[in-house]
Amino acid sequence: MNNTQSTQVIFEISKPGRRCHRVPPCDVPTERPLSELIPSNHLATAPPALPEVGEIDLIRHFTNLSTRNMSIDTNFYPLGSCTMKYNPKRHERLAALAGLAALHPLQDDETLQGILEILYEMQQFLAEISGLPAVSLQPAAGAQGELTALYVAAAYFRDKGETHRRKVLVPDSAHGTNPASAALAGFDTVTIKSGPDGLVDLSDLKAKLGDDTAVFMITNPNTLGLFETQITTITDWLHAKGALVYLDGANMNAILGITRPGDFGADMQHYNVHKTFTGPHGGGGPGSGPIAVRDFLAPYLPAPIIVKDGAKFRLNYDMPKSIGRVRSFFGNIGILFRGYCYIRTLGPEGLKRVAEHAVLNANYLRSRVAQIFDIPHPGPCMHEFVASVRSLLRERKISAKDICKRLLDFSFHAPTVYFPLVVPEALMMEPTETESKETLDAFADTLARIKEEDPEIVRTAPHTHIVSRPDEVKAAKDQKLRWQPPTASNQVSRER
Amino acid sequence: MSYILNTPDDQKAMLTAIGVESIDELFAKIPHEVRLNRPLDIPAPMAEMDLQAHVTRLLAHNRSAADMVCFLGGGAYDHFIPSVVDVIASRSEYYTAYTPYQAEASQGTLQAIFEYQSLMCVLTGLDVANASLYDGGSATAEAMLMALGITKRQEVIVAESVHPEYRQVLATYATNLHCRLRTVPTPEGFVNPDDLRACLSDTTACIIVQSPNFFGHLEEMAAIGAAAHRVGALMVASFDPIGLGILRRPGDEGADIAVAEGQGLGVPLQFGGPYLGILACRDDPRFLRKIPGRLVGETVDRHGQRCWVLTLQPREQHIARANATSNICTNQGLLALRAAVFLTALGPQGLQETAELCTRKAHYAAEQLTQIPGVSLRFRTPFFKEFTLRVPGDPANLLAKLRSAGYHAGLPLGRWYPSLADCISVAVTEQRTKAQIDGLASALRDCLR
């Protein structure tokens, strides 16, 4: 990360007349002016003022920019709740095959038999892994999977005439997408407290559970990395009230082949294929958020679903109770395909080993970190755990954020910070199964070292990166959200 | 096969450090009655060689745009992708990173997204663009949510000529919110501004219109925008980014929010996703408060050096939770990068030439195909790279015959528009050659003989 190449914006290296891509000459008649084909009131007087650069300019610019990122391929990336595991390279090669990459989404089914077979199998794998038999591959990411499942729940209750069920219960340790999805699906969100043990507070749940409850959204293992041991009590209570249980599947990596949401009482769940089945993450997407639900909810899934008729596969749009669509076409197939390759590579024992070693690595790292920082909730943990540096902040004025920034100097990506909200000065660490003991030891040694360092060095970190401590307040105040040429008039307009 | 590194010795040492005897003990808190006490019922593992053979064999059962001559459109197009796009997007510093919350460790992604946002502003003629959404359909729905929030009105008007799947997405979102979604019919293949005016009122939050529309035709955007603004409603304009090489920009036509499917900007067809949802809007505090998804902003670091961060985050779900402007978290970062590289590679001239090639080839194709007896253009308004043909007989039958001849010749429209059951839509990109177009015309002539 000691790259000192220029940080010019692509527009700033533009020079009129330079070009990269060239199109071939037009091989159809060009005698008629364009305005005879498209009336001039629709035509722009000039093309958009895109940058003008040569091919080597472009390649150097974006290649140099890439070296200013930390990534799984270059650094340990223990970002809690994000499952930053190794992304196998075989997936990239296979996803680039023309038989996938050049498939148009609206081709006739008879020309799609290969991809439909793969996706049909993927539906079956996801059903088996969740213990929930009906799958929709459509949602584009975990948050859209949540929203889709809540739409399914809303349609189910409308169909049953139970429109009085207005409430979605969400634990206080939940991901922010849970309440945001509930609001977008038209529900009112009710927050359920966590107890001191980090688990759902059953008395609070009991007090808030009522005939107006539609869905309880639970993350299990939860965002503290703890398995909700009273899960069957919770799901029994919800079902006794006629409500549904939704599982936020962000943390599936911990339970693959060990336990299944369908078996512990969840009625619906999403997967984050980019997490559990090593997507990859793409610098912030694309993800893929397929959902699995119980049979009685299957009629409400978004259409189409892939079905098998004899030896043929087809897209079934004939779903009169379907909620409709949440996006165009069929889903983030490129990511689902990589997930398929991953599941086929690992097989049943391999997937279970993923969970076992994700949990082993997390507990090993936890045992090391417990000697350095406070870990408020008792172990063993599942795939991740949350440390609190509140006492360090009090005693040495070193915050969770400071530790994150200082870790970057030692070539470690930071853990997730200040989440979940129930732990003050939280550092949420998820090592994943693809890291070695040596890496975990080096990381823990570094945390121990940072704890003892001169606080001023920690508070001003990072010291080895191309930038340090961006001014976020200024970013929010100035709202410079696009590049503009530095003319006087622009400066005036931005300062208004 | 696995990607696990722990050796038996490592495992033993780690268990000792934890203070347990076995890995099983770590799972002791999972109640026994919910354990899966059998192997998952999924196929046995495969080595890389076997996986490659297996997947290659299955994918060979497809007949893709690489195997056939592709004239399919409907929101996904067979545009050329310069090799520089694949080379940059294949850099694992980009594709194995995640959301750039740690700005110092993510300046590559952050600057690339800032450049993407800037390019989208240049492209659309609007002032603000977000860091991307999932796809054209959900971007349209997010624009609707924005408009409802900004105007605090409850009726949304959508043109029937908007992509039918986008309209289905709108309907799904609207069903669960307090709003009414009305569709303006477009029997002539475009929005008649007079019909539209009759639907508009002071309860209208926005009119959602697409140009070029689903049929490939150009809408009278300026008139539509003016009609919307007259009643205090917003215009949400869905556009084709490739078209903007020659067509007037949404911002110049009065669009308040512009959205698009960005697949044409260097994203492989890959059977419908991942694609790229583009959203841009006016620079207005009311809009900025309601814009969904991530935004990258410029700032300086503690040394005064220019750098980039995620900004205006209080709008987003991880802070606002139930009051967030949208539930979106992960967006389409890698596709936004592809779009930025694509537009940089093309530059103004390349984009203009590409759009002009699409136009000329589509019009050439329309001329050639409509010389065939019984084949005619269904609509009479100007089109860009896609057009609607009325064909004799059952289109499904005809298209099947054309597939046997090696052509993905078009989309049967009856599935979405019963009144167009005798029509197909044909899309022509810059990649189609004169020989391929002539070949399609000749094959169609043969099929109809």
# chains A, B, ... in the order shown; residues from 1 in each chain; ligands from 1
$ residues_around --residues "segment 150-152 of chain B" --least-positions-apart "2" --cutoff "8 Å" --atoms "only C-alpha atoms" --output "PDB file with C-alpha atoms, in the first residue's frame"
ATOM      1  CA  MET B 146     -37.813   8.508  -4.056  1.00  0.00           C
ATOM      2  CA  ALA B 147     -40.564  10.352  -5.888  1.00  0.00           C
ATOM      3  CA  LEU B 148     -43.181   9.283  -3.329  1.00  0.00           C
ATOM      4  CA  GLN B 154     -49.457   8.864  -3.415  1.00  0.00           C
ATOM      5  CA  ALA B 205     -46.059  11.892  -7.442  1.00  0.00           C
ATOM      6  CA  ALA B 233     -45.114  15.821 -10.333  1.00  0.00           C
ATOM      7  CA  ARG B 286     -34.914  17.058  -1.047  1.00  0.00           C
ATOM      8  CA  PHE B 287     -33.563  14.570  -3.569  1.00  0.00           C
ATOM      9  CA  LYS B 290     -34.158  10.495  -0.384  1.00  0.00           C
TER      10      LYS B 290
END
$ closest_residue --among "B:Thr359, B:Asn192, B:Ser376, B:Gln111" --to "Gln431 of chain B" --atoms "only C-alpha atoms"
B:Thr359
$ residues_around --residues "Lys89 of chain A" --least-positions-apart "2" --cutoff "12 Å" --atoms "only C-alpha atoms" --output "PyMOL selection string"
(chain A and resi 73+86-87+91-96+278-280+338+341-342) or (chain B and resi 3+48+52+90-92+95-96)
$ select_by_dssp --residues "segment 268-409 of chain A" --states "strand (DSSP E or B)" --output "number ranges by chain"
A: 268-270, 291-293, 305-309, 312-316, 374, 385-388
$ write_last_selection --atoms "C-alpha atoms" --output "PDB file, in the first residue's frame"
ATOM      1  CA  MET A 268     -38.264 -18.543   5.358  1.00  0.00           C
ATOM      2  CA  GLN A 269     -34.648 -17.583   4.935  1.00  0.00           C
ATOM      3  CA  HIS A 270     -32.306 -15.865   2.551  1.00  0.00           C
ATOM      4  CA  ILE A 291     -34.638 -17.342  -0.545  1.00  0.00           C
ATOM      5  CA  ALA A 292     -35.974 -20.698   0.635  1.00  0.00           C
ATOM      6  CA  VAL A 293     -39.427 -21.123   2.180  1.00  0.00           C
ATOM      7  CA  ILE A 305     -39.242 -20.759 -10.815  1.00  0.00           C
ATOM      8  CA  ILE A 306     -37.284 -23.398 -12.703  1.00  0.00           C
ATOM      9  CA  VAL A 307     -39.162 -26.696 -12.987  1.00  0.00           C
ATOM     10  CA  LYS A 308     -38.350 -30.043 -14.539  1.00  0.00           C
ATOM     11  CA  ASP A 309     -40.831 -31.680 -16.908  1.00  0.00           C
ATOM     12  CA  LYS A 312     -36.646 -30.896 -19.870  1.00  0.00           C
ATOM     13  CA  PHE A 313     -36.173 -27.824 -17.769  1.00  0.00           C
ATOM     14  CA  ARG A 314     -38.329 -24.747 -18.110  1.00  0.00           C
ATOM     15  CA  LEU A 315     -39.124 -21.432 -16.492  1.00  0.00           C
ATOM     16  CA  ASN A 316     -42.540 -21.585 -14.864  1.00  0.00           C
ATOM     17  CA  ASP A 374     -12.901  -7.838  26.838  1.00  0.00           C
ATOM     18  CA  PHE A 385     -17.325 -13.032  17.996  1.00  0.00           C
ATOM     19  CA  VAL A 386     -17.494  -9.461  19.220  1.00  0.00           C
ATOM     20  CA  ALA A 387     -14.849  -7.842  21.425  1.00  0.00           C
ATOM     21  CA  SER A 388     -15.324  -4.545  23.237  1.00  0.00           C
TER      22      SER A 388
END
$ closest_residue --among "A:Arg90, A:Val170, A:Gly257, A:Val473" --to "Gly347 of chain A" --atoms "only C-alpha atoms"
A:Gly257
$ select_by_dssp --residues "segment 140-171 of chain B" --states "alpha helix (DSSP H)" --output "list in words"
Thr140, Ala141, Glu142, Ala143, Met144, Leu145, Met146, Ala147, Leu148, Gly149, Ile150, Thr151, Pro164, Glu165, Tyr166, Arg167, Gln168, Val169, Leu170 and Ala171 of chain B
$ residues_around --residues "Leu399 of chain B" --least-positions-apart "6" --cutoff "9 Å" --atoms "only C-alpha atoms" --output "ChimeraX atom specification"
/B:407-412,424
$ atom_distance --atom1 "atom CA of His303 of chain B" --atom2 "atom CA of Pro415 of chain A"
24.8 Å
$ closest_residue --among "A:Gly350, A:Pro179, A:Pro320, A:Pro24" --to "Glu316 of chain B" --atoms "only C-alpha atoms"
A:Pro179
$ closest_residue --among "A:Ile258, A:Ile398, A:Leu244, A:Val417" --to "chain B" --atoms "only C-alpha atoms"
A:Ile258
